[in-house]
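Student: I have a structure here, written as structure tokens, and I will follow up with some questions on it.
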Amino acid sequence: MSHIAFPTPDPSILARRDAIIAGLSTLLPKEALIVAEEERRAFETDALTAYRKLPLAVALPSSVEEIAAVLKFCRNAGVNAVPRGAGTSLSGGAIPQEDAIVIGLSKMNRILEINLADRYARVQAGVTNLAISDAVAADGFFYAPDPSSQLACTIGGNIGMNSGGAHCLKYGVTTNNLLGLKVVLLDGETIELGGPYFDSGGLDLMGLMTGSEGQLGIVAEAIVRLIPAAEGARPVLFGFDSAEEAGACVAAIIGAGIVPVAMEYMDKPAIQICEAFAHAGYPLDVEAMLIIEVEGSPQEIDAELAKIQAIAKAHGVKVVRESMSAMEAAQIWKGRKSAFGATGRVADYICMDGTVPTSRLPEALKRTGEIVASYGLRVANVFHAGDGNMHPLVLYNVNDPNEQAKAEAAGADILKMCVDLGGCLTGEHGVGVEKRDLMSHQFTPADLAQQMRVRAVFDPDWRLNPAKVFPLAGRIAA
Amino acid sequence: MTLASEAMFAPASEDEAVDIVRAAAARAQKLAIVGGGTRAGLGRPCSHGAALTTTRLDGVVFYEPAEMVIALRSGTPVAAAEALLAQRGQMFPFEPMDHRPLYATSGEPTIGGVVAGNVSGPRRISVGAARDSLIGIRLVNGRGEAIKNGGRVMKNVTGLDLVKLICGAHGTLGLVTEAIFKVLPRPEREATVVIRRLDDQGAIAAMAAALGSAYNVSGAAHVTPGMGREFGRTFFRVEGFAASVEHRVGGLIKLLAPFGAKHALAEEESRRLWRAIRDAEFLAEPRERAIWRVSLKPSAGAEFVKKLGPIAQAHFYDWGGGLVWLASETSSAAAETIRSALAAFGGHATLVRAPDGLRASVDVFEPLSPALAKLTAGIKASFDPDGIFNFGRMYPGI
């Protein structure tokens with residue numbers, strides 16, 4: 001799939017640029033409409049930085065009404081629109097296109113209501129993931145999904161991509177932690193889905209909206225669940241001589257009826273990169289490492305860890321390192337969560353996100369290594385072992401176009417392998433533009449057609465984030 | 001398979017289901033999906049066309065205990081699936097309700113019925129509903145196409161999440177032939193802390209305190225006087241390894257001491273109690289009463305019931321007060337009062353049990369705004385353009 005194609009910009013939209021900007025300027029305050037080229041540059045890409053497209057203009061609405069006005073304008077004027085949170089998408093979900101308005105939610109960054117008795121927060125879409133947990137931490141609550149980018153990424157983007165994180169083994173992903181959404185549709189109509197309560201009747205449009213990658217409407221507000229924090233938590237490092245042993249240990253832990261709050265895997269290259277960056281005390285002489293975290297009271301943690309350690313010993317664990325303080329625990333997680341950033345200091349990389357059934361993890365790791373080696377590149381693996389969500393980081397040199405093409409081809413081969421092993425193309429980063437052309441490897445034409453017919457109910461003319469998710473050929477309109 | 005004039009279709013495979021649906025579409029014949037028939041009273045009355053039964057779509061497709069995932073054909077009895085899971089020390093986390101006590105039906109509830117109704121129980125507050133455990137689906141849509149969505153891995157954001165849409169659609173989008181669930185280990189122990197004689201408001205305050213604590217409460221319910229005892233009782237369930245349960249019960253009793261918490265029920269007694277709460281057994285009799293399931297902000301539960309006055313003939317709370325089970329007289333006037341009272345608080349009321357006549361004449365599910373009605377109709381048409389499946393089950397014309 002080397003070099004992802006974007007649709008050819010619609011010349012009839014480009015030709016109307018002045019009129020479109022004039023129209024938008026009647027809907028938004030001056031400072032909320034970005035037209036100068038150097039300012040638009042800030043929005044030309046996201047975390048898939050190899051691809052850049054300068055948008056026609058950028059709208060930064062600060063209210064539901066302004067979102068509605070801009071969307072309605074886009075529909076009536078026949079202009080494309082690309083929603084954007086913080087621009088941290090690894091799959092190119094927020095990369096614009098030349099004939100589109102970016103609708104950025106950064107000004108909608110207020111927490112509107114916190115209700116601890118009913119355990120929810122109502123927030124605007126531009127609030128960052130971590131800001132929600134920070135706002136309720138002193139009261140002993142948190143918002144559970146914790147993507148690595150949680151300091152920067154917005155809840156609106158999390159909803160668009162149905163983001164996960166390291167702790168979703170126990171607490172679920174975004175879709176399991178939402179109660180309600182306020183969504184603006186392309187025709188400017190605002191709908192409320194769910195509310196500060198569970199399981200509304202009717203079709204689960206909130207579930208449909210979550211992970212729809214900005215193609216069905218724009219989420220303006222969300223009601224998210226707040227979870228009481230456990231009494232305590234303790235991560236432990238387990239080092240193994242082989243991926244097979246580590247993988248078998250994960251399966252045995254689950255088989256024993258234990259579901260730790262997190263089970264993260266790192267291979268040797270990832271351990272070395274992260275240790276050099278975070279000085280977390282990772283063992284450098286092992287082939288595979290698991291970070292396993294358990295929660296509860298000190299006694300509960302001791303009891304559960306004792307069971308886990310016994311299983312690890314039976315699977316040939318070489319090193320066990322328990323965190324002895326909150327600071328050590330934080331270091332352990334810092335190393336894991338900075339894996340992508342730390343890797344970026346060593347080399348350019350693309351981060352894949354396929355999921356495989358956990359029983360196939362050792363095989364998937366082996367084949368990943370073989371695929372990457374066959375392109376003459378290197379790989380570091382760091383991922384969520386408990387749920388089989390792999391994150392091979394394919395390392396390459398961005399200044400060598402040949403290497404970029406090879407890295408993308410290796411990535412595509414890895415994702416196809418994940419599907420062939422019974423998994424999927426993306427566990428938590430979304431399809432975006434990156435995996436769009438692989439969709440037909442996972443889905444039949446009928447599978448995709450059904451999804452596109454549902455999409456067309458919301459956006460029959462393919463105006464919302466149109467370059468993403470579905471292959472460019474064979475699209476189904478109304 | 002021939003179609004001729006059979007009144008009931010019973011496909012044994014997805015391919016046979018495809019043939020049946022295509023033939024039905026060609027003849028503009030409507031199909032009413034039937035599972036075990038134990039929840040046929042759920043939704044609006046729907047008896048259009050021929051019955052399409054899942055009886056022969058039975059059995060396990062695969063079960064991988066070490067991956068905590070099971071794939072089942074839709075006609076598989078829930079009891080058979082739960083027995084299989086129990087053999088490996090696992091369970092459906094969402095604790096699917098058994099509607100037989102409420103409807104006085106017999107037969108076996110099926111997996112397809114659980115999916116169609118997003119059928120969940122008390123553990124919904126801690127581990128989610130059926131829709132949260134359902135990770136993959138195979139479905140024959142109204143165009144006679146077999147499609148899949150989701151898959152067998154629990155982390156999957158590839159494409160639109162139609163699994164959520166189909167779960168709780170009451171069969172209006174197509175025939176589910178196969179469902180894949182993530183499952184969880186069965187807890188080694190369970191115990192239930194009990195408080196006696198709280199009024200509704202006090203019970204909800206106690207449940208909020210417990211659910212806001214670190215003790216991982218997996219059930220919080222309050223039953224009113226006359227339901228098993230002459231006084232009200234408030235229940236708090238904890239589950240897990242023996243040491244954890246002991247620790248958390250101790251912690252909860254201490255936390256809830258100001259509310260009067262003193263003791264806990266053990267294993268079998270606790271299990272029996274939560275089964276009764278799950279299945280709304282307290283409201284099964286008298287049979288002539290209409291039964292409502294109202295989801296709202298937990299803190300509003302007691303106030304909502306109070307506002308109903310004598311319309312609420314009996315009630316109890318699950319989900320920490322966020323689920324009100326309610327019995328009312330069987331009348332459209334009572335339905336109207338309940339909906340208008342709820343409007344002041346926000347929430348969703350579902351008429352779970354009532355005679356066909358009433359369920360045909362009043363809204364069974366919370367009425368939709370015009371914008372939502374338009375989307376719902378569009379989605380129905382995208383799956384089932386000719387309106388073959390369970391026509392009118394959720395809303396008139398859907």
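Ligands are numbered from 1 in the order shown, residues from 1 within each chain, and chains are lettered A, B, ... in the order they appear in the structure tokens.
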Quick one: residues within 7 Å of region 98-111 of chain B, only C-alpha atoms, excluding same-chain residues fewer than 2 positions away - as a PyMOL selection string?
Tutor: chain B and resi 35-39+74-78+96+113-115+279-281+284
Student: I need the chosen residues saved as a CSV table (one decimal), in the first residue's frame, with C-alpha atoms.
Tutor:
```csv
chain,number,residue,atom,x,y,z
B,35,GLY,CA,-36.0,-18.0,19.6
B,36,GLY,CA,-37.1,-19.8,22.7
B,37,GLY,CA,-40.2,-17.8,22.9
B,38,THR,CA,-39.6,-16.9,26.6
B,39,ARG,CA,-39.5,-13.2,25.9
B,74,SER,CA,-28.1,-17.8,18.0
B,75,GLY,CA,-30.5,-20.7,18.8
B,76,THR,CA,-28.2,-22.0,21.6
B,77,PRO,CA,-30.0,-22.1,24.9
B,78,VAL,CA,-28.5,-19.7,27.4
B,96,PRO,CA,-28.5,-12.1,31.5
B,113,GLY,CA,-32.9,-13.4,22.5
B,114,VAL,CA,-30.1,-12.0,24.7
B,115,VAL,CA,-28.6,-10.3,21.8
B,279,ASP,CA,-35.4,-11.7,37.1
B,280,ALA,CA,-37.7,-9.1,38.8
B,281,GLU,CA,-39.3,-12.0,40.6
B,284,ALA,CA,-44.1,-11.4,38.8
```
Student: For chain B against chain A, with a cut-off of 7 Å and counting only C-alpha atoms, what is the closest atom pair and its distance in Å to one decimal for every residue that makes the cut, ordered by chain and number, as JSON lines?
Tutor:
```
{"residue": "B:Pro65", "atom": "CA", "partner": "A:Gly255", "partner_atom": "CA", "distance": 6.5}
{"residue": "B:Ala66", "atom": "CA", "partner": "A:Gly255", "partner_atom": "CA", "distance": 4.8}
{"residue": "B:Glu67", "atom": "CA", "partner": "A:Thr358", "partner_atom": "CA", "distance": 5.9}
{"residue": "B:Gly128", "atom": "CA", "partner": "A:Asn176", "partner_atom": "CA", "distance": 6.9}
{"residue": "B:Asp132", "atom": "CA", "partner": "A:Asn176", "partner_atom": "CA", "distance": 6.0}
{"residue": "B:Glu145", "atom": "CA", "partner": "A:Ala446", "partner_atom": "CA", "distance": 6.8}
{"residue": "B:Ile147", "atom": "CA", "partner": "A:Asp447", "partner_atom": "CA", "distance": 5.0}
{"residue": "B:Lys148", "atom": "CA", "partner": "A:Asp447", "partner_atom": "CA", "distance": 6.0}
{"residue": "B:Arg152", "atom": "CA", "partner": "A:Gly423", "partner_atom": "CA", "distance": 6.9}
{"residue": "B:Val153", "atom": "CA", "partner": "A:Pro357", "partner_atom": "CA", "distance": 5.8}
{"residue": "B:Met154", "atom": "CA", "partner": "A:Asp387", "partner_atom": "CA", "distance": 6.2}
{"residue": "B:Lys155", "atom": "CA", "partner": "A:Gly427", "partner_atom": "CA", "distance": 4.5}
{"residue": "B:Asn156", "atom": "CA", "partner": "A:Gly427", "partner_atom": "CA", "distance": 4.1}
{"residue": "B:Val157", "atom": "CA", "partner": "A:Gly427", "partner_atom": "CA", "distance": 5.4}
{"residue": "B:Thr158", "atom": "CA", "partner": "A:Thr426", "partner_atom": "CA", "distance": 5.5}
{"residue": "B:Gly159", "atom": "CA", "partner": "A:Val469", "partner_atom": "CA", "distance": 6.6}
{"residue": "B:Leu160", "atom": "CA", "partner": "A:Ser212", "partner_atom": "CA", "distance": 5.5}
{"residue": "B:Asp161", "atom": "CA", "partner": "A:Leu208", "partner_atom": "CA", "distance": 5.3}
{"residue": "B:Leu162", "atom": "CA", "partner": "A:Leu208", "partner_atom": "CA", "distance": 6.3}
{"residue": "B:Lys164", "atom": "CA", "partner": "A:Gly207", "partner_atom": "CA", "distance": 5.3}
{"residue": "B:Leu165", "atom": "CA", "partner": "A:Asp204", "partner_atom": "CA", "distance": 5.0}
{"residue": "B:Gly168", "atom": "CA", "partner": "A:Leu203", "partner_atom": "CA", "distance": 6.5}
{"residue": "B:Ala169", "atom": "CA", "partner": "A:Leu203", "partner_atom": "CA", "distance": 5.6}
{"residue": "B:Pro185", "atom": "CA", "partner": "A:Gly257", "partner_atom": "CA", "distance": 4.7}
{"residue": "B:Ala208", "atom": "CA", "partner": "A:Ala117", "partner_atom": "CA", "distance": 5.6}
{"residue": "B:Gly212", "atom": "CA", "partner": "A:Pro228", "partner_atom": "CA", "distance": 5.5}
{"residue": "B:Ser213", "atom": "CA", "partner": "A:Pro228", "partner_atom": "CA", "distance": 5.9}
{"residue": "B:Ala214", "atom": "CA", "partner": "A:Ala230", "partner_atom": "CA", "distance": 4.8}
{"residue": "B:Ala243", "atom": "CA", "partner": "A:Glu300", "partner_atom": "CA", "distance": 6.6}
{"residue": "B:Ser244", "atom": "CA", "partner": "A:Glu300", "partner_atom": "CA", "distance": 5.6}
{"residue": "B:Ser295", "atom": "CA", "partner": "A:Tyr197", "partner_atom": "CA", "distance": 6.2}
{"residue": "B:Leu296", "atom": "CA", "partner": "A:Tyr197", "partner_atom": "CA", "distance": 5.1}
{"residue": "B:Lys297", "atom": "CA", "partner": "A:Tyr197", "partner_atom": "CA", "distance": 5.2}
{"residue": "B:Pro298", "atom": "CA", "partner": "A:Asp118", "partner_atom": "CA", "distance": 5.9}
{"residue": "B:Ser299", "atom": "CA", "partner": "A:Asp118", "partner_atom": "CA", "distance": 6.3}
{"residue": "B:Gly322", "atom": "CA", "partner": "A:Tyr197", "partner_atom": "CA", "distance": 6.6}
{"residue": "B:Gly347", "atom": "CA", "partner": "A:Tyr197", "partner_atom": "CA", "distance": 6.9}
{"residue": "B:His348", "atom": "CA", "partner": "A:Ser200", "partner_atom": "CA", "distance": 5.7}
{"residue": "B:Phe365", "atom": "CA", "partner": "A:Gly201", "partner_atom": "CA", "distance": 5.9}
{"residue": "B:Glu366", "atom": "CA", "partner": "A:Gly201", "partner_atom": "CA", "distance": 6.3}
{"residue": "B:Ala371", "atom": "CA", "partner": "A:Ile191", "partner_atom": "CA", "distance": 7.0}
{"residue": "B:Leu375", "atom": "CA", "partner": "A:Val457", "partner_atom": "CA", "distance": 6.8}
{"residue": "B:Gly378", "atom": "CA", "partner": "A:Val457", "partner_atom": "CA", "distance": 5.6}
{"residue": "B:Ile379", "atom": "CA", "partner": "A:Val454", "partner_atom": "CA", "distance": 5.9}
{"residue": "B:Ser382", "atom": "CA", "partner": "A:Arg453", "partner_atom": "CA", "distance": 5.5}
{"residue": "B:Phe383", "atom": "CA", "partner": "A:Gln450", "partner_atom": "CA", "distance": 6.9}
```
Student: Would you put the residues from that selection into a file with N, CA and C atoms, as a short mmCIF file (atom, residue, chain, number, x, y, z; two decimals), in the first residue's frame?
Tutor:
```
data_model
loop_
_atom_site.label_atom_id
_atom_site.label_comp_id
_atom_site.auth_asym_id
_atom_site.auth_seq_id
_atom_site.Cartn_x
_atom_site.Cartn_y
_atom_site.Cartn_z
N PRO B 65 -11.28 -20.86 26.34
CA PRO B 65 -11.24 -20.33 27.71
C PRO B 65 -10.04 -19.44 27.99
N ALA B 66 -8.86 -19.81 27.44
CA ALA B 66 -7.67 -19.01 27.74
C ALA B 66 -7.72 -17.63 27.09
N GLU B 67 -8.61 -17.49 26.09
CA GLU B 67 -8.79 -16.17 25.47
C GLU B 67 -10.03 -15.47 26.00
N GLY B 128 -20.78 -3.95 32.71
CA GLY B 128 -21.45 -3.61 31.46
C GLY B 128 -22.62 -4.51 31.13
N ASP B 132 -21.84 -4.75 25.89
CA ASP B 132 -20.43 -4.53 26.20
C ASP B 132 -19.61 -5.81 26.10
N GLU B 145 -28.41 -10.99 2.59
CA GLU B 145 -26.94 -11.06 2.59
C GLU B 145 -26.46 -11.50 3.96
N ILE B 147 -23.76 -11.13 6.59
CA ILE B 147 -22.66 -10.21 6.88
C ILE B 147 -22.09 -10.50 8.25
N LYS B 148 -20.85 -10.05 8.45
CA LYS B 148 -20.24 -10.14 9.77
C LYS B 148 -19.87 -8.74 10.21
N ARG B 152 -13.58 -11.88 16.89
CA ARG B 152 -13.36 -12.73 18.07
C ARG B 152 -12.35 -12.11 19.03
N VAL B 153 -11.84 -10.92 18.70
CA VAL B 153 -10.87 -10.28 19.60
C VAL B 153 -11.55 -9.10 20.30
N MET B 154 -11.16 -8.88 21.56
CA MET B 154 -11.91 -7.90 22.33
C MET B 154 -11.48 -6.47 22.05
N LYS B 155 -10.33 -6.29 21.40
CA LYS B 155 -9.95 -4.94 20.98
C LYS B 155 -10.09 -4.88 19.47
N ASN B 156 -11.07 -4.15 19.00
CA ASN B 156 -11.35 -4.15 17.57
C ASN B 156 -12.13 -2.89 17.23
N VAL B 157 -11.52 -1.98 16.49
CA VAL B 157 -12.24 -0.76 16.08
C VAL B 157 -12.24 -0.64 14.56
N THR B 158 -12.24 -1.79 13.89
CA THR B 158 -12.14 -1.79 12.44
C THR B 158 -13.50 -1.57 11.79
N GLY B 159 -13.73 -0.37 11.28
CA GLY B 159 -14.99 -0.07 10.61
C GLY B 159 -16.08 0.30 11.59
N LEU B 160 -17.28 0.50 11.06
CA LEU B 160 -18.41 0.89 11.91
C LEU B 160 -18.80 -0.25 12.84
N ASP B 161 -19.15 0.10 14.07
CA ASP B 161 -19.53 -0.90 15.08
C ASP B 161 -21.03 -1.22 14.93
N LEU B 162 -21.32 -2.13 14.00
CA LEU B 162 -22.72 -2.52 13.80
C LEU B 162 -23.17 -3.50 14.87
N LYS B 164 -23.04 -3.12 18.04
CA LYS B 164 -23.81 -2.36 19.04
C LYS B 164 -25.21 -2.08 18.52
N LEU B 165 -25.26 -1.73 17.25
CA LEU B 165 -26.55 -1.38 16.65
C LEU B 165 -27.50 -2.58 16.66
N GLY B 168 -29.82 -5.24 20.87
CA GLY B 168 -30.90 -4.37 21.36
C GLY B 168 -31.83 -3.89 20.28
N ALA B 169 -31.65 -4.36 19.03
CA ALA B 169 -32.52 -3.95 17.93
C ALA B 169 -33.75 -4.85 17.83
N PRO B 185 -13.81 -14.84 34.21
CA PRO B 185 -13.78 -15.90 35.21
C PRO B 185 -14.95 -15.76 36.19
N ALA B 208 -25.16 4.87 46.72
CA ALA B 208 -24.21 5.81 46.10
C ALA B 208 -22.88 5.75 46.84
N GLY B 212 -19.51 4.40 45.07
CA GLY B 212 -18.41 5.36 44.95
C GLY B 212 -17.17 4.92 45.71
N SER B 213 -17.24 3.77 46.34
CA SER B 213 -16.10 3.28 47.13
C SER B 213 -15.19 2.41 46.27
N ALA B 214 -14.05 2.06 46.84
CA ALA B 214 -13.08 1.26 46.11
C ALA B 214 -13.37 -0.24 46.22
N ALA B 243 -10.08 -13.99 49.78
CA ALA B 243 -9.46 -12.97 50.63
C ALA B 243 -10.01 -11.58 50.31
N SER B 244 -10.25 -11.35 49.01
CA SER B 244 -10.79 -10.05 48.59
C SER B 244 -12.19 -9.84 49.12
N SER B 295 -34.89 3.41 33.32
CA SER B 295 -33.48 3.73 33.52
C SER B 295 -33.35 5.24 33.67
N LEU B 296 -32.76 5.66 34.77
CA LEU B 296 -32.62 7.10 35.03
C LEU B 296 -31.44 7.33 35.96
N LYS B 297 -31.16 8.61 36.20
CA LYS B 297 -30.07 8.96 37.10
C LYS B 297 -30.35 8.33 38.46
N PRO B 298 -29.40 7.58 39.04
CA PRO B 298 -29.69 6.90 40.31
C PRO B 298 -30.26 7.83 41.37
N SER B 299 -29.70 9.03 41.47
CA SER B 299 -30.13 9.93 42.54
C SER B 299 -31.57 10.40 42.35
N GLY B 322 -30.50 3.41 39.74
CA GLY B 322 -30.59 3.84 38.35
C GLY B 322 -31.51 2.99 37.50
N GLY B 347 -34.65 10.23 31.29
CA GLY B 347 -34.47 8.79 31.42
C GLY B 347 -35.28 8.06 30.38
N HIS B 348 -35.27 6.74 30.49
CA HIS B 348 -35.97 5.93 29.50
C HIS B 348 -36.85 4.90 30.20
N PHE B 365 -41.21 1.53 23.94
CA PHE B 365 -39.92 2.14 24.22
C PHE B 365 -40.11 3.65 24.32
N GLU B 366 -39.10 4.31 24.87
CA GLU B 366 -39.17 5.76 24.98
C GLU B 366 -39.40 6.35 23.58
N ALA B 371 -35.81 13.77 14.79
CA ALA B 371 -34.49 13.51 14.18
C ALA B 371 -34.06 12.06 14.42
N LEU B 375 -33.44 8.88 11.68
CA LEU B 375 -32.23 8.04 11.62
C LEU B 375 -32.58 6.57 11.80
N GLY B 378 -34.01 5.24 8.70
CA GLY B 378 -32.96 5.11 7.68
C GLY B 378 -32.10 3.88 7.92
N ILE B 379 -31.77 3.64 9.19
CA ILE B 379 -30.93 2.48 9.52
C ILE B 379 -31.69 1.18 9.26
N SER B 382 -31.56 0.55 5.70
CA SER B 382 -30.24 0.18 5.20
C SER B 382 -29.97 -1.31 5.40
N PHE B 383 -30.59 -1.90 6.41
CA PHE B 383 -30.45 -3.35 6.64
C PHE B 383 -31.56 -4.14 5.95
#
```
Student: Which neighbours of Asp356 (chain B) fall inside 10 Å, counting only C-alpha atoms, when residues of the same chain fewer than 5 positions from it are skipped, and could you give them as an NGL selection string?
Tutor: :B and (41 or 43-46 or 361)
Student: With a distance cut-off of 12 Å and only C-alpha atoms, select the neighbouring residues of Ala334 (chain B), excluding the residue or stretch itself and same-chain residues fewer than 3 positions from it, and output the selection as an MDAnalysis selection string.
Tutor: chainID B and resid 289:292 308:313 326:331 337:341 351 354 358 362
Student: Would you kindly return, as a list in words, each protein, DNA or RNA residue with an atom no farther than 7 Å from any atom of region 77-87 of chain A, considering only C-alpha atoms and excluding same-chain residues fewer than 3 positions away?
Tutor: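 Listed by chain and then number, they are Ile13, Asp46, Ala47, Phe73, Cys74, Ala94, Pro96, Asp99, Ala100, Ile101, Val102, Ile103, Gly104, Leu105, Ser106, Gly126, Ala152, Cys153, Thr154, Gly156, Gly157, Gly214, Ile218, Arg463, Leu464 and Asn465 of chain A.
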Student: Keeping only C-alpha atoms, write those residues as a PDB file, in the first residue's frame.
Tutor:
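Dumped to part-v5.pdb:
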```
ATOM      1  CA  ILE A  13     -14.716  23.472  -4.273  1.00  0.00           C
ATOM      2  CA  ASP A  46      -1.769  14.478  12.809  1.00  0.00           C
ATOM      3  CA  ALA A  47       0.448  11.797  14.375  1.00  0.00           C
ATOM      4  CA  PHE A  73     -23.039  25.465   5.775  1.00  0.00           C
ATOM      5  CA  CYS A  74     -20.739  22.674   4.565  1.00  0.00           C
ATOM      6  CA  ALA A  94      -7.524  13.837  11.401  1.00  0.00           C
ATOM      7  CA  PRO A  96      -7.419  17.046   6.233  1.00  0.00           C
ATOM      8  CA  ASP A  99     -11.060  20.718  -0.467  1.00  0.00           C
ATOM      9  CA  ALA A 100     -12.184  20.437   3.164  1.00  0.00           C
ATOM     10  CA  ILE A 101     -12.813  22.640   6.161  1.00  0.00           C
ATOM     11  CA  VAL A 102     -11.188  21.364   9.343  1.00  0.00           C
ATOM     12  CA  ILE A 103     -13.601  21.681  12.245  1.00  0.00           C
ATOM     13  CA  GLY A 104     -11.364  21.790  15.313  1.00  0.00           C
ATOM     14  CA  LEU A 105     -12.909  21.273  18.739  1.00  0.00           C
ATOM     15  CA  SER A 106     -10.044  22.789  20.739  1.00  0.00           C
ATOM     16  CA  GLY A 126     -12.363  19.199  23.240  1.00  0.00           C
ATOM     17  CA  ALA A 152      -3.035  15.634  24.799  1.00  0.00           C
ATOM     18  CA  CYS A 153      -5.819  13.676  23.125  1.00  0.00           C
ATOM     19  CA  THR A 154      -9.414  14.877  23.441  1.00  0.00           C
ATOM     20  CA  GLY A 156     -14.053  13.833  21.168  1.00  0.00           C
ATOM     21  CA  GLY A 157     -11.163  12.135  19.381  1.00  0.00           C
ATOM     22  CA  GLY A 214     -15.987  11.498  12.384  1.00  0.00           C
ATOM     23  CA  ILE A 218     -19.563  15.680  15.185  1.00  0.00           C
ATOM     24  CA  ARG A 463     -18.869  15.101   3.038  1.00  0.00           C
ATOM     25  CA  LEU A 464     -17.686  14.082   6.523  1.00  0.00           C
ATOM     26  CA  ASN A 465     -14.056  12.963   6.692  1.00  0.00           C
TER      27      ASN A 465
END
```
Student: Pick the closest to Lys306 (chain B) from B:Gly392, B:Pro385, B:Leu372, B:Asp199: which is it, counting only C-alpha atoms?
Tutor: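 When distances to Lys306 (chain B) are compared using only C-alpha atoms, the smallest one comes from B:Asp199.
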Student: When DSSP works through the backbone of this structure, what residues of region 39-285 of chain B end up as alpha helix (DSSP H), shown as a ChimeraX atom specification?
Tutor: /B:78-87,100-103,111-117,124-127,130-133,162-166,200-211,242-255,267-278
Student: Go ahead and write the selection's residues with C-alpha atoms as a short mmCIF file (atom, residue, chain, number, x, y, z; two decimals), in the first residue's frame.
Tutor:
```
data_model
loop_
_atom_site.label_atom_id
_atom_site.label_comp_id
_atom_site.auth_asym_id
_atom_site.auth_seq_id
_atom_site.Cartn_x
_atom_site.Cartn_y
_atom_site.Cartn_z
CA VAL B 78 -28.52 -19.66 27.41
CA ALA B 79 -28.50 -22.42 30.04
CA ALA B 80 -26.40 -24.70 27.82
CA ALA B 81 -23.92 -21.91 27.15
CA GLU B 82 -23.70 -21.01 30.83
CA ALA B 83 -23.17 -24.65 31.78
CA LEU B 84 -20.35 -24.95 29.28
CA LEU B 85 -18.72 -21.78 30.59
CA ALA B 86 -19.13 -22.96 34.18
CA GLN B 87 -17.21 -26.15 33.38
CA ARG B 100 -39.69 -16.59 32.39
CA PRO B 101 -40.78 -15.63 35.92
CA LEU B 102 -42.09 -12.28 34.72
CA TYR B 103 -43.91 -13.58 31.64
CA ILE B 111 -28.49 -16.47 22.93
CA GLY B 112 -30.29 -14.78 20.05
CA GLY B 113 -32.86 -13.42 22.48
CA VAL B 114 -30.13 -12.05 24.74
CA VAL B 115 -28.58 -10.25 21.77
CA ALA B 116 -31.90 -8.98 20.42
CA GLY B 117 -32.92 -7.50 23.75
CA ARG B 124 -24.40 -4.20 34.49
CA ILE B 125 -23.15 -1.47 36.84
CA SER B 126 -19.69 -3.00 37.15
CA VAL B 127 -18.96 -4.96 33.98
CA ALA B 130 -24.73 -7.63 26.97
CA ARG B 131 -23.74 -5.04 24.37
CA ASP B 132 -20.43 -4.53 26.20
CA SER B 133 -19.52 -8.23 26.12
CA LEU B 162 -22.72 -2.52 13.80
CA VAL B 163 -22.55 -5.05 16.65
CA LYS B 164 -23.81 -2.36 19.04
CA LEU B 165 -26.55 -1.38 16.65
CA ILE B 166 -27.78 -4.95 16.27
CA ASP B 200 -36.01 4.61 49.36
CA GLN B 201 -34.06 7.84 49.66
CA GLY B 202 -31.80 6.46 52.38
CA ALA B 203 -31.19 3.31 50.36
CA ILE B 204 -30.13 5.28 47.33
CA ALA B 205 -27.74 7.36 49.44
CA ALA B 206 -26.24 4.18 50.89
CA MET B 207 -25.90 2.64 47.42
CA ALA B 208 -24.21 5.81 46.10
CA ALA B 209 -21.70 5.61 48.96
CA ALA B 210 -20.98 1.96 48.22
CA LEU B 211 -20.72 2.40 44.46
CA ALA B 242 -11.95 -15.36 49.01
CA ALA B 243 -9.46 -12.97 50.63
CA SER B 244 -10.79 -10.05 48.59
CA VAL B 245 -14.40 -10.75 49.39
CA GLU B 246 -13.64 -10.94 53.08
CA HIS B 247 -11.71 -7.68 52.97
CA ARG B 248 -14.36 -5.85 50.98
CA VAL B 249 -17.28 -7.06 53.05
CA GLY B 250 -15.46 -5.76 56.12
CA GLY B 251 -14.76 -2.46 54.41
CA LEU B 252 -18.35 -2.07 53.24
CA ILE B 253 -19.86 -2.84 56.62
CA LYS B 254 -17.62 -0.19 58.13
CA LEU B 255 -18.38 2.33 55.39
CA GLU B 267 -22.74 -17.87 48.95
CA GLU B 268 -25.95 -19.69 48.09
CA GLU B 269 -28.26 -17.26 49.83
CA SER B 270 -26.56 -14.38 48.06
CA ARG B 271 -26.80 -16.11 44.69
CA ARG B 272 -30.51 -16.83 45.11
CA LEU B 273 -31.19 -13.24 46.06
CA TRP B 274 -29.45 -11.75 43.03
CA ARG B 275 -31.24 -14.19 40.74
CA ALA B 276 -34.54 -12.90 42.12
CA ILE B 277 -33.44 -9.30 41.59
CA ARG B 278 -32.13 -10.07 38.12
#
```
Student: From a DSSP calculation on the backbone, collect every residue of region 135-384 of chain B in strand (DSSP E or B) and output the set as a PyMOL selection string.
Tutor: chain B and resi 135-140+146-150+175-182+184-185+189-196+219-223+233-240+263-265+290-296+314-318+323-328+347-353
Student: Expressed in Å to a single decimal, how great is the separation between CA of Pro460 (chain A) and CA of Gly171 (chain B)?
Tutor: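 A separation of 25.2 Å between them.
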